[in-house]
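Before any comments, here is the structure.
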Amino acid sequence: MPWLSTLMGVSVLGALGVTLVRNDKLAKQFTLVVSLIVLALTVAMAVQFSPNGDKFQFAETYDWIPAFGVHYGVAVDGIALVLILLSVILVPIVVLASWHDAEKGKRSVRTYFSLLLVLEAMMIGVFAATDVFLFYVFFEAMLIPMYFMIGSYGGAQRSYAAVKFLLYSLFGGLLMLVAVIALYSIAGKGTFMFSDLVGTVQDVTTQKWLFLGFFIAFAIKAPLWPFHTWLPDAAAQAPAGAAVLLVGVLDKVGTYGMLRFCLELFPDAAKFFTPLVITLSVIGIVYGAIVAIGQTDMKRLIAYTSVSHFGFIAMGVFAMTTDAGAGATLYMVNHGFSTGALFLIAGFLIHRRGSQFISDYGGVQKVAPILAGTFLVAGLSSLSLPGLSTFVSEFMVLTGTYQRYVVPSVIAATGVILAAIYILWMYQRTMNGPTAESVKSLPDLNAREKWVVAPLIALLLVFGFYPKPLLDVIHPAVKDTLSSVSVTDPGAAVPVAKEGQ
Amino acid sequence: MEPAEFIQHSGGAIGVAWLMIAFPLVGAAILLLGGRRTDRFGHLVGVVMAVASFVVAALAFVQLLGFQPGERRRLIPLYDFIPGMAKVGLLVDPLSISFCLLITFVGSLIHVYSIGYMAHDPNRRRFFAYLNLFVAAMLLLVLADNYVALFVGWEGVGLASYLLIGFWQHKPSAATAAKKAFIVNRVGDFGLLIGIFTIFATFHSLAFAQVFPAAHGASQGTLTAIGLLLLVGACGKSAQLPLQSWLLDAMEGPTPVSALIHAATMVTAGVYLIVRSGAVFQGAETAQLVVTIVGVATLLAGAIIGTAKDDIKKALAGSTMSQIGYMVLAAGIGPAGYAFAIAHLITHGFFKADLFLGAGSVMHGMNDEVDMRKYGGLRKVMPITFVTFLIGYLAIIGFPLLSGYFTKDGIIETAMEHNAVLGWLAVIGAGVTGFYMSRLVFMTFFGAKRWEATAHPHESPAVMTWPLIILSLGAIGLGAFLIVGNRFMTFLAPAVGAPEELPTFNPFSLTGLVTLALVAAGAAFAWFRYGAAEVPAVAPRGSFLTTFARRDLYGDALNEALFMRPGQWLTRLAVFFDNRGVDGLVNGLAAGIGGSSGRLRRIQTGFVRSYALSIFVGAALLAGAWLVVGNL
């Protein structure tokens, strides 16, 4: 069965279907059903994935533009699979969370939900693409629905934020396009298929240039310091649901791209640039956290925490150890759940009070204990509290990096202190203390909102104590990636007697 | 005597040791998820879960005693937590079971006490949920058979501590204290984490059963680094210098919390970590030396702080710091000190919980007043509280034959043998303890009544006094039971080792006699100042030294000057730089290309869709051109 095409097809048909429904409420329900069907199908596909089988599974390849060797080629390895799972889990949650978000403005409610489903198809496509040109097309095309979601349904400064987001991304995309085409012609294989292009560029100087073309695009997308300034604007202006998909999934395309394309296509260049990337990552971790501490706007604060978290992911990717790489991949997934929960609960709060400013709140815990409690759990996941899944990935990234780069990982680990400051201080200012006059009548979470938050918290908890199902899928894929870069894990200085020996 | 081998175990109470953690965890889940529906019986669920956990611990203890001493280190594998890095299991051995018994027994008593203490609090159910959560996390911390699971418990108790310090979160002071505790602990955890990274990088394993037997193979530099990093973690959790500042503020939490978490159990986790990691420390003399220095410095600092506090809970908190200092000192000495460190930890768990709960009982009867200058003469109206408190007091100052006498004296004697300077400083600390604890008792229970007009002190209900009575029994007899005949040292040896030559208890040693004399002098001085003389209602200004002690040795001022203010400036600078610098540069570039940035925005809001398209088409053309050129 062509699983991946089916997933995308259902989403696209759903998107079309939504525009045909004449009633807004029905349109929402329809979108929710479609996204749940996609989720169910993806789960059905995922359980058939064999972690130790072929590297890429559920492969489909058709010629698209035969003259240039462009294919419609999709397949997944463990890394792509977990990111697709993340995407399709978040979509129905976002749909439910955004129930009333599109109603404030004059824009069409149906269009918003239709865009969500279009975006879902593209998110699946971008992670599944096995043709580099097809990846590029998805990479760029994804901008369009997101641009409209921010630009048409966002906050007061939505136009500025949307344009900044678009220009930044297009600039990066253009660099990548040049690199993609150069790669194609230098390889001289007459095909854009990823598997045919791996190992074709031998010359190190050429690798370096091509690497930069891809890397800058991904560094903007992720975003890494100092390419990050579009993110706080975009995330603060986007409706909460769109912000979740933007930061939770779209930005992961950047870190995913580094792992998949930068490492495998240009292994020598990747090793050459590793010190630079690790430095940028570490700066981003500390810098993002410090700037987050100083924010007065909740959504901007959450966006900056993500800049810090993306630093961890990029560091894990370029540390090139199995633990760090698997940790970074897991981090991409966990961060999606964690930051998703933070954005959505902050969104519920903002929706009630009509302000994003932290100083407009205080003592909410007293009037809305469930909202406050879930916000705290989401916050604790952002500061990587053990018992929540984010701890596992951060621990793996740091431990894995430490094996090769002691000083960077020690500096990066200060992030655990800074994270406690930005999260708990925000929590204290909004939820603790005497209840502010303006929030005295805030209602607690309603049933719909509880259904939004519950699955996210459940996922954070389950994978916090039992990350094995995800790691079992991720590990072989990461090992395979690292072996194509021909690096091996550092060994133990002092061997211990392992079990059964 | 070397520690015993690790043995895989199944069956019996030890085989289901995970139930100890599961009971309170389930309790917390029921109470938190059940919401208001469980308000009516929530406290009972909490108590039952804590007691159930104690029953499992007691059964496991009995089962463990049934094995030969050399076969008392039992591993219970649970599951693969982080594939490739850590499998999780539990380790039941004399060390962990001692902690389990302390945590679940004292924990259960404090649960019972809290039924009465929190009776009028509308959020009592939530309180019991957090207490249960704490017990579960603390048991995971001590039962874990590897460093990651230990760390999960370690931060878990930190979370419970955060939630409980800030339990009355409508009070800004409570919320701030909770946040401070968490952040200072995170500084310690940062050290602990790096220590764990180093362990993994060195051994490629985090399991105790693999790391400890191999530890001697690592270089001394590595072991020293690991030891010092673990010590940083211990300092955070156990409020040792220089990470002590959070503990005094933590007294914002309800008093049962102070008794359970910030006196009897959680704050002793640092001592546990050091003793558990003995295999590492014994290969790193420098690290051990630093541990002993930190211990001595903190035992003196805590005692000095204790002398100057009028807030009964803060005086006791200073005392806790100080007593844990003794334990850390002993833990730094090595196998000769381990048994005394843990024995003192256990007796301290009893008498300090007794003292805190007694203080809570006093506050309960005095409209939550904590200022001892407004107490006085309470021995007549609160007889049970008074007698139990008096026993706890005598135990902590080391009154002959009571618990503290045996365990603290053991530490002092061992320290004296190890290093005379450390030993004498510990003796001086004991003298100061005699002073500040006597001051506390005299100000509270003796002298004239200095009560507020609205105060109507009364004895607390039985649900609160019974735990006091039971704890005071422990404060009387536990020390002698553990120390006489080296009973505890022999019991603990399979887990932590023991010196070749077991110590003999000599009640008339010079050190012991000097210690007693100093304690007596301290108590007499306190009587002269606070018992016989009238206690002024307002604290006199006092000398520079008094101010120094009152202000917690300027710990907070130092943190503020060194970290908080520079941190605030750094944050402001970074935010400014980010808005003007990085983003300004980008916007400036954009403006440079497209004209003024205002125009850029205006144009593009209407224009950008076609703009996007044109870039896309342009890029496609470029691609086509490249292909054509490339193929020629």
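Naming works like this for the structure tokens: A, B, ... for the chains as they're shown, residue 1 at the start of each chain, ligands 1 onward in shown order.
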
Near chain B, meaning an atom within 8 Å, which residues of chain A appear when counting only C-alpha atoms? Write them as a PyMOL selection string.
chain A and resi 159-160+163+166+170+174+177-178+181-182+185+226+229+287+290-291+293-295+323+363+366+385-387+392+398-399+402-403+410+413-414+416-417+420-421+424-425+428+432-435+465-468+471-472+491-498

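Every protein, DNA or RNA residue with an atom at most 7 Å from Ala27 in chain A, where only C-alpha atoms count and chain neighbours fewer than 4 positions away do not, is listed here: Val18, Val21, Asn23, Thr31 and Arg110 of chain A.
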
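Using only C-alpha atoms, the smallest distance between any of A:Ser393, A:Ser409, A:Thr205, A:Ser195 and Ile285 in chain A comes from A:Ser409.
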
Show which residues sit within 7 Å of range 138-152 of chain A, as a short mmCIF file (atom, residue, chain, number, x, y, z; two decimals) with C-alpha atoms, in the first residue's frame. Count only C-alpha atoms, and ignore same-chain residues fewer than 5 positions away.
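Result went into out-v2.cif, see below:
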```
data_model
loop_
_atom_site.label_atom_id
_atom_site.label_comp_id
_atom_site.auth_asym_id
_atom_site.auth_seq_id
_atom_site.Cartn_x
_atom_site.Cartn_y
_atom_site.Cartn_z
CA ARG A 107 -11.06 36.20 7.39
CA TYR A 112 -7.79 28.61 8.10
CA LEU A 115 -4.63 25.71 5.24
CA LEU A 119 0.26 22.25 5.72
CA MET A 122 3.45 19.25 3.16
CA GLY A 125 6.02 15.31 2.31
CA VAL A 126 9.04 17.26 3.43
CA ARG A 158 1.03 40.09 11.80
CA SER A 159 1.99 41.60 8.45
CA ALA A 162 4.74 37.29 8.23
CA LEU A 166 8.82 34.78 4.47
CA GLY A 173 15.68 28.59 0.31
CA GLN A 237 2.14 37.21 16.06
CA ALA A 238 0.96 33.82 14.83
CA PRO A 239 -2.23 32.38 16.28
CA ALA A 242 0.03 28.09 13.92
#
```

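Summary of the local environment: counting only C-alpha atoms, residues at most 12 Å from Arg379 in chain B, other than itself and those fewer than 2 positions away along its chain, are Gly358, Val362, Tyr375, Gly376, Gly377, Val381, Met382, Pro383, Ile384, Thr385, Phe386, Val387, Thr388, Phe389, Leu390, Val441, Phe442, Met443, Thr444, Phe445, Phe446, Gly447, Ala448, Lys449, Pro457, His458 and Glu459 of chain B.
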
Would you put the residues from that selection into a file with N, CA, C and O atoms, as a CSV table (one decimal), in the first residue's frame?
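Below is the file again27.csv, written as the result:
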```
chain,number,residue,atom,x,y,z
B,358,GLY,N,7.3,19.7,66.7
B,358,GLY,CA,7.0,20.4,67.9
B,358,GLY,C,6.8,21.9,67.7
B,358,GLY,O,5.9,22.5,68.2
B,362,VAL,N,3.5,24.2,68.4
B,362,VAL,CA,3.5,25.5,69.0
B,362,VAL,C,2.9,26.5,68.2
B,362,VAL,O,2.0,27.3,68.6
B,375,TYR,N,6.8,34.1,72.3
B,375,TYR,CA,6.5,32.9,73.0
B,375,TYR,C,6.7,33.1,74.5
B,375,TYR,O,6.5,34.1,75.0
B,376,GLY,N,7.3,32.1,75.1
B,376,GLY,CA,7.6,32.2,76.6
B,376,GLY,C,6.6,31.4,77.4
B,376,GLY,O,5.4,31.5,77.2
B,377,GLY,N,7.1,30.6,78.3
B,377,GLY,CA,6.3,30.0,79.3
B,377,GLY,C,5.3,29.0,78.7
B,377,GLY,O,4.3,28.6,79.4
B,381,VAL,N,1.1,25.2,79.1
B,381,VAL,CA,-0.1,25.0,78.3
B,381,VAL,C,0.0,23.9,77.3
B,381,VAL,O,-0.9,23.4,76.7
B,382,MET,N,1.3,23.5,76.9
B,382,MET,CA,1.5,22.5,75.9
B,382,MET,C,2.4,21.4,76.5
B,382,MET,O,3.5,21.2,76.1
B,383,PRO,N,1.9,20.6,77.5
B,383,PRO,CA,2.8,19.7,78.2
B,383,PRO,C,3.4,18.6,77.3
B,383,PRO,O,4.6,18.3,77.3
B,384,ILE,N,2.6,18.0,76.4
B,384,ILE,CA,3.1,17.0,75.5
B,384,ILE,C,4.1,17.5,74.6
B,384,ILE,O,5.2,17.0,74.4
B,385,THR,N,3.7,18.6,73.9
B,385,THR,CA,4.6,19.3,73.0
B,385,THR,C,5.9,19.6,73.7
B,385,THR,O,7.1,19.4,73.2
B,386,PHE,N,5.8,20.1,74.9
B,386,PHE,CA,7.0,20.5,75.7
B,386,PHE,C,7.9,19.3,76.0
B,386,PHE,O,9.1,19.3,75.7
B,387,VAL,N,7.3,18.2,76.5
B,387,VAL,CA,8.2,17.1,76.9
B,387,VAL,C,8.9,16.5,75.6
B,387,VAL,O,10.1,16.2,75.6
B,388,THR,N,8.1,16.3,74.6
B,388,THR,CA,8.7,15.7,73.4
B,388,THR,C,9.7,16.6,72.8
B,388,THR,O,10.8,16.2,72.3
B,389,PHE,N,9.5,17.9,72.8
B,389,PHE,CA,10.4,18.9,72.3
B,389,PHE,C,11.7,18.8,73.1
B,389,PHE,O,12.8,18.9,72.6
B,390,LEU,N,11.5,18.7,74.4
B,390,LEU,CA,12.7,18.7,75.3
B,390,LEU,C,13.5,17.5,75.0
B,390,LEU,O,14.8,17.6,75.0
B,441,VAL,N,14.9,26.7,73.3
B,441,VAL,CA,14.0,26.0,74.3
B,441,VAL,C,13.6,27.0,75.4
B,441,VAL,O,12.4,27.1,75.7
B,442,PHE,N,14.6,27.8,75.9
B,442,PHE,CA,14.3,28.7,76.9
B,442,PHE,C,13.3,29.8,76.4
B,442,PHE,O,12.4,30.2,77.1
B,443,MET,N,13.6,30.3,75.3
B,443,MET,CA,12.7,31.4,74.7
B,443,MET,C,11.3,30.9,74.5
B,443,MET,O,10.3,31.7,74.6
B,444,THR,N,11.2,29.6,74.1
B,444,THR,CA,9.8,29.2,73.8
B,444,THR,C,9.0,28.7,75.0
B,444,THR,O,7.9,29.1,75.2
B,445,PHE,N,9.7,27.8,75.8
B,445,PHE,CA,8.9,27.1,76.8
B,445,PHE,C,9.1,27.7,78.2
B,445,PHE,O,8.3,27.4,79.1
B,446,PHE,N,10.2,28.5,78.4
B,446,PHE,CA,10.4,29.0,79.8
B,446,PHE,C,10.2,30.5,79.8
B,446,PHE,O,9.8,31.1,78.9
B,447,GLY,N,10.5,31.0,81.0
B,447,GLY,CA,10.4,32.5,81.2
B,447,GLY,C,9.0,33.0,81.2
B,447,GLY,O,8.0,32.2,81.3
B,448,ALA,N,8.9,34.3,81.0
B,448,ALA,CA,7.6,35.0,81.1
B,448,ALA,C,6.8,34.8,79.8
B,448,ALA,O,7.4,34.6,78.8
B,449,LYS,N,5.5,34.9,79.9
B,449,LYS,CA,4.6,34.9,78.7
B,449,LYS,C,4.8,36.2,78.0
B,449,LYS,O,4.5,37.3,78.6
B,457,PRO,N,-2.9,29.9,73.4
B,457,PRO,CA,-2.2,28.7,73.2
B,457,PRO,C,-2.9,27.5,73.8
B,457,PRO,O,-3.4,27.6,74.9
B,458,HIS,N,-2.8,26.4,73.1
B,458,HIS,CA,-3.5,25.2,73.6
B,458,HIS,C,-2.7,24.0,73.1
B,458,HIS,O,-2.0,24.1,72.1
B,459,GLU,N,-2.8,22.8,73.7
B,459,GLU,CA,-2.2,21.6,73.3
B,459,GLU,C,-2.8,21.2,71.9
B,459,GLU,O,-4.0,21.4,71.7
```

Filtered DSSP result for range 2-79 of chain A, state strand (DSSP E), as a VMD selection string:
chain A and resid 57 to 65 70 to 76

Go ahead and write the residues just picked, C-alpha atoms, as a JSON list (two decimals), in the first residue's frame.
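Final output, saved to out.json:
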```json
[["chain", "number", "residue", "atom", "x", "y", "z"],
["A", 57, "GLN", "CA", 10.75, 1.80, 4.03],
["A", 58, "PHE", "CA", 7.34, 2.33, 2.43],
["A", 59, "ALA", "CA", 9.27, 3.66, -0.57],
["A", 60, "GLU", "CA", 7.44, 4.96, -3.63],
["A", 61, "THR", "CA", 9.29, 6.38, -6.60],
["A", 62, "TYR", "CA", 7.77, 7.79, -9.78],
["A", 63, "ASP", "CA", 9.33, 9.96, -12.44],
["A", 64, "TRP", "CA", 8.14, 13.51, -12.17],
["A", 65, "ILE", "CA", 10.28, 15.54, -14.59],
["A", 70, "VAL", "CA", 13.34, 14.73, -10.80],
["A", 71, "HIS", "CA", 11.26, 12.13, -9.03],
["A", 72, "TYR", "CA", 8.28, 11.95, -6.82],
["A", 73, "GLY", "CA", 10.10, 9.80, -4.32],
["A", 74, "VAL", "CA", 8.94, 9.25, -0.76],
["A", 75, "ALA", "CA", 10.00, 6.84, 1.97],
["A", 76, "VAL", "CA", 10.82, 6.96, 5.64]]
```

Close residues, range 374-376 of chain A itself excluded, 8 Å, only C-alpha atoms, min 4 positions apart in chain, as an NGL selection string
:A and (341-342 or 345-346 or 370 or 380 or 427 or 453 or 457)

Can you spit out the residues from that selection as a PDB file, in the first residue's frame, using all heavy atoms?
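And here's out-v9.pdb as it stands now:
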```
ATOM      1  N   ALA A 341       2.615  22.305  23.996  1.00  0.00           N
ATOM      2  CA  ALA A 341       1.800  22.484  25.190  1.00  0.00           C
ATOM      3  C   ALA A 341       1.950  23.898  25.741  1.00  0.00           C
ATOM      4  O   ALA A 341       0.968  24.553  26.107  1.00  0.00           O
ATOM      5  CB  ALA A 341       2.205  21.453  26.246  1.00  0.00           C
ATOM      6  N   LEU A 342       3.185  24.392  25.765  1.00  0.00           N
ATOM      7  CA  LEU A 342       3.403  25.748  26.307  1.00  0.00           C
ATOM      8  C   LEU A 342       2.651  26.795  25.493  1.00  0.00           C
ATOM      9  O   LEU A 342       1.948  27.645  26.043  1.00  0.00           O
ATOM     10  CB  LEU A 342       4.897  26.074  26.277  1.00  0.00           C
ATOM     11  CG  LEU A 342       5.702  25.856  27.539  1.00  0.00           C
ATOM     12  CD1 LEU A 342       7.133  26.299  27.318  1.00  0.00           C
ATOM     13  CD2 LEU A 342       5.109  26.621  28.715  1.00  0.00           C
ATOM     14  N   ILE A 345      -1.284  26.403  25.912  1.00  0.00           N
ATOM     15  CA  ILE A 345      -1.840  26.819  27.197  1.00  0.00           C
ATOM     16  C   ILE A 345      -1.672  28.326  27.367  1.00  0.00           C
ATOM     17  O   ILE A 345      -2.585  29.015  27.832  1.00  0.00           O
ATOM     18  CB  ILE A 345      -1.192  26.033  28.357  1.00  0.00           C
ATOM     19  CG1 ILE A 345      -1.449  24.542  28.149  1.00  0.00           C
ATOM     20  CG2 ILE A 345      -1.783  26.469  29.683  1.00  0.00           C
ATOM     21  CD1 ILE A 345      -0.629  23.652  29.048  1.00  0.00           C
ATOM     22  N   ALA A 346      -0.513  28.838  26.960  1.00  0.00           N
ATOM     23  CA  ALA A 346      -0.347  30.297  26.982  1.00  0.00           C
ATOM     24  C   ALA A 346      -1.417  30.936  26.105  1.00  0.00           C
ATOM     25  O   ALA A 346      -1.979  31.981  26.448  1.00  0.00           O
ATOM     26  CB  ALA A 346       1.049  30.677  26.499  1.00  0.00           C
ATOM     27  N   ILE A 370      -6.445  24.330  37.180  1.00  0.00           N
ATOM     28  CA  ILE A 370      -6.077  23.320  36.181  1.00  0.00           C
ATOM     29  C   ILE A 370      -5.228  23.955  35.090  1.00  0.00           C
ATOM     30  O   ILE A 370      -4.208  23.408  34.660  1.00  0.00           O
ATOM     31  CB  ILE A 370      -7.331  22.648  35.597  1.00  0.00           C
ATOM     32  CG1 ILE A 370      -8.098  21.951  36.719  1.00  0.00           C
ATOM     33  CG2 ILE A 370      -6.959  21.645  34.518  1.00  0.00           C
ATOM     34  CD1 ILE A 370      -9.417  21.377  36.293  1.00  0.00           C
ATOM     35  N   LEU A 380       7.705  22.762  33.055  1.00  0.00           N
ATOM     36  CA  LEU A 380       8.707  21.835  33.575  1.00  0.00           C
ATOM     37  C   LEU A 380       9.289  20.981  32.460  1.00  0.00           C
ATOM     38  O   LEU A 380      10.459  20.613  32.485  1.00  0.00           O
ATOM     39  CB  LEU A 380       8.091  20.945  34.660  1.00  0.00           C
ATOM     40  CG  LEU A 380       7.689  21.670  35.945  1.00  0.00           C
ATOM     41  CD1 LEU A 380       6.913  20.741  36.865  1.00  0.00           C
ATOM     42  CD2 LEU A 380       8.896  22.238  36.667  1.00  0.00           C
ATOM     43  N   TYR A 427       6.320  31.606  35.449  1.00  0.00           N
ATOM     44  CA  TYR A 427       5.211  30.969  36.158  1.00  0.00           C
ATOM     45  C   TYR A 427       4.851  31.762  37.404  1.00  0.00           C
ATOM     46  O   TYR A 427       3.680  32.000  37.684  1.00  0.00           O
ATOM     47  CB  TYR A 427       5.598  29.530  36.542  1.00  0.00           C
ATOM     48  CG  TYR A 427       4.472  28.788  37.212  1.00  0.00           C
ATOM     49  CD1 TYR A 427       3.423  28.269  36.465  1.00  0.00           C
ATOM     50  CD2 TYR A 427       4.422  28.652  38.594  1.00  0.00           C
ATOM     51  CE1 TYR A 427       2.369  27.620  37.073  1.00  0.00           C
ATOM     52  CE2 TYR A 427       3.373  28.007  39.216  1.00  0.00           C
ATOM     53  CZ  TYR A 427       2.345  27.494  38.442  1.00  0.00           C
ATOM     54  OH  TYR A 427       1.294  26.862  39.053  1.00  0.00           O
ATOM     55  N   VAL A 453      -4.899  19.570  25.980  1.00  0.00           N
ATOM     56  CA  VAL A 453      -3.699  19.507  26.811  1.00  0.00           C
ATOM     57  C   VAL A 453      -3.380  18.072  27.243  1.00  0.00           C
ATOM     58  O   VAL A 453      -2.214  17.677  27.274  1.00  0.00           O
ATOM     59  CB  VAL A 453      -3.879  20.412  28.047  1.00  0.00           C
ATOM     60  CG1 VAL A 453      -2.666  20.316  28.945  1.00  0.00           C
ATOM     61  CG2 VAL A 453      -4.108  21.850  27.618  1.00  0.00           C
ATOM     62  N   ILE A 457       0.396  16.187  27.558  1.00  0.00           N
ATOM     63  CA  ILE A 457       1.021  15.876  28.850  1.00  0.00           C
ATOM     64  C   ILE A 457       1.217  14.370  28.989  1.00  0.00           C
ATOM     65  O   ILE A 457       2.245  13.899  29.475  1.00  0.00           O
ATOM     66  CB  ILE A 457       0.181  16.465  29.996  1.00  0.00           C
ATOM     67  CG1 ILE A 457       0.344  17.984  29.973  1.00  0.00           C
ATOM     68  CG2 ILE A 457       0.606  15.892  31.343  1.00  0.00           C
ATOM     69  CD1 ILE A 457      -0.392  18.724  31.036  1.00  0.00           C
TER      70      ILE A 457
END
```

Find the residues around range 75-77 of chain B up to 9 Å (only C-alpha atoms counted), leave out those fewer than 3 positions away in its own chain, and share them as a PyMOL selection string.
chain B and resi 6-10+14-18+80+87-93+145+209

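In terms of minimum interatomic distance to Met396 in chain A, A:Thr329 ranks closest within A:Thr329, A:Thr296, A:Thr42, A:Ser338, counting only C-alpha atoms.
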
Fewer than 5 positions away in the same chain doesn't count, so skip those; otherwise give me all residues within 9 Å of Phe312 in chain A, counting only C-alpha atoms, as a ChimeraX atom specification.
/A:281-282,284-285,317,328,331,394,397-398,412

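Pairwise distance (CA of Glu2 in chain B, CA of Ala493 in chain B) equals 7.5 Å.
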
Run DSSP on the backbone of this structure and report the residues of range 181-239 of chain A it assigns to alpha helix (DSSP H), as a compact mmCIF listing (two decimals) with N, CA and C atoms, in the first residue's frame.
```
# COMPACT_ATOMS: atom_id res chain seq x y z
N ILE A 181 21.02 22.49 -7.16
CA ILE A 181 21.27 22.37 -8.60
C ILE A 181 22.75 22.11 -8.87
N ALA A 182 23.59 22.81 -8.10
CA ALA A 182 25.02 22.57 -8.26
C ALA A 182 25.36 21.13 -7.94
N LEU A 183 24.77 20.63 -6.89
CA LEU A 183 25.00 19.23 -6.51
C LEU A 183 24.62 18.31 -7.65
N TYR A 184 23.47 18.59 -8.24
CA TYR A 184 22.96 17.78 -9.35
C TYR A 184 23.96 17.75 -10.50
N SER A 185 24.44 18.93 -10.86
CA SER A 185 25.29 18.97 -12.03
C SER A 185 26.69 18.43 -11.72
N ILE A 186 27.17 18.67 -10.51
CA ILE A 186 28.50 18.17 -10.18
C ILE A 186 28.50 16.65 -10.07
N ALA A 187 27.43 16.14 -9.48
CA ALA A 187 27.33 14.68 -9.36
C ALA A 187 27.26 14.04 -10.74
N PHE A 194 18.14 11.21 -3.61
CA PHE A 194 19.09 11.35 -2.51
C PHE A 194 20.08 10.20 -2.46
N SER A 195 19.57 8.97 -2.57
CA SER A 195 20.44 7.81 -2.42
C SER A 195 21.50 7.76 -3.52
N ASP A 196 21.18 8.32 -4.69
CA ASP A 196 22.17 8.32 -5.78
C ASP A 196 23.19 9.43 -5.60
N LEU A 197 22.82 10.45 -4.84
CA LEU A 197 23.72 11.59 -4.71
C LEU A 197 24.71 11.43 -3.56
N VAL A 204 36.73 18.27 -1.48
CA VAL A 204 36.36 18.86 -0.19
C VAL A 204 35.94 20.31 -0.33
N THR A 205 36.63 21.06 -1.17
CA THR A 205 36.26 22.47 -1.33
C THR A 205 34.84 22.60 -1.87
N THR A 206 34.53 21.80 -2.88
CA THR A 206 33.17 21.81 -3.42
C THR A 206 32.17 21.46 -2.34
N GLN A 207 32.52 20.42 -1.57
CA GLN A 207 31.64 20.01 -0.47
C GLN A 207 31.36 21.18 0.45
N LYS A 208 32.41 21.95 0.76
CA LYS A 208 32.24 23.05 1.71
C LYS A 208 31.24 24.08 1.18
N TRP A 209 31.36 24.43 -0.10
CA TRP A 209 30.43 25.42 -0.65
C TRP A 209 29.00 24.91 -0.64
N LEU A 210 28.86 23.67 -1.08
CA LEU A 210 27.51 23.11 -1.14
C LEU A 210 26.93 22.96 0.27
N PHE A 211 27.80 22.54 1.18
CA PHE A 211 27.37 22.41 2.58
C PHE A 211 26.79 23.74 3.06
N LEU A 212 27.52 24.81 2.78
CA LEU A 212 27.06 26.13 3.26
C LEU A 212 25.70 26.49 2.68
N GLY A 213 25.53 26.16 1.40
CA GLY A 213 24.23 26.46 0.78
C GLY A 213 23.10 25.79 1.52
N PHE A 214 23.26 24.52 1.80
CA PHE A 214 22.23 23.80 2.56
C PHE A 214 22.16 24.30 4.00
N PHE A 215 23.35 24.43 4.61
CA PHE A 215 23.36 24.69 6.05
C PHE A 215 22.72 26.03 6.39
N ILE A 216 23.02 27.06 5.61
CA ILE A 216 22.46 28.38 5.94
C ILE A 216 20.93 28.33 5.85
N ALA A 217 20.45 27.64 4.82
CA ALA A 217 18.99 27.49 4.71
C ALA A 217 18.42 26.83 5.95
N PHE A 218 19.09 25.78 6.41
CA PHE A 218 18.59 25.04 7.57
C PHE A 218 18.78 25.85 8.85
N ALA A 219 19.89 26.60 8.92
CA ALA A 219 20.15 27.38 10.12
C ALA A 219 19.13 28.50 10.28
N ILE A 220 18.66 29.02 9.14
CA ILE A 220 17.59 30.03 9.22
C ILE A 220 16.29 29.36 9.63
N LYS A 221 16.05 28.20 9.06
CA LYS A 221 14.80 27.51 9.32
C LYS A 221 14.70 27.08 10.78
N TRP A 230 13.77 36.27 13.27
CA TRP A 230 12.42 36.23 12.71
C TRP A 230 11.49 35.42 13.57
N LEU A 231 12.05 34.47 14.34
CA LEU A 231 11.20 33.52 15.05
C LEU A 231 10.34 34.16 16.15
N PRO A 232 10.94 34.98 17.04
CA PRO A 232 10.09 35.58 18.09
C PRO A 232 8.96 36.41 17.50
N ASP A 233 9.24 37.16 16.42
CA ASP A 233 8.18 37.96 15.81
C ASP A 233 7.09 37.06 15.24
N ALA A 234 7.53 36.06 14.47
CA ALA A 234 6.54 35.19 13.83
C ALA A 234 5.73 34.43 14.87
N ALA A 235 6.43 33.89 15.88
CA ALA A 235 5.72 33.08 16.87
C ALA A 235 4.79 33.93 17.73
N ALA A 236 5.23 35.16 18.03
CA ALA A 236 4.40 36.01 18.88
C ALA A 236 3.16 36.50 18.14
N GLN A 237 3.27 36.67 16.82
CA GLN A 237 2.14 37.21 16.06
C GLN A 237 1.22 36.10 15.54
```

Return the single residue from B:Val519, B:Ile304, B:His348, B:Pro467 that is closest to Phe548 in chain B, with distances computed using only C-alpha atoms.
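Among the listed residues, B:Ile304 lies closest to Phe548 in chain B.
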
Calculate how many Å separate CA of Thr504 in chain B from CA of Gly477 in chain B, rounding to one decimal.
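A separation of 19.0 Å between them.
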
Quick check, in Å to one decimal: how far apart do CA of Arg551 in chain B and CA of Leu248 in chain B lie?
10.7 Å
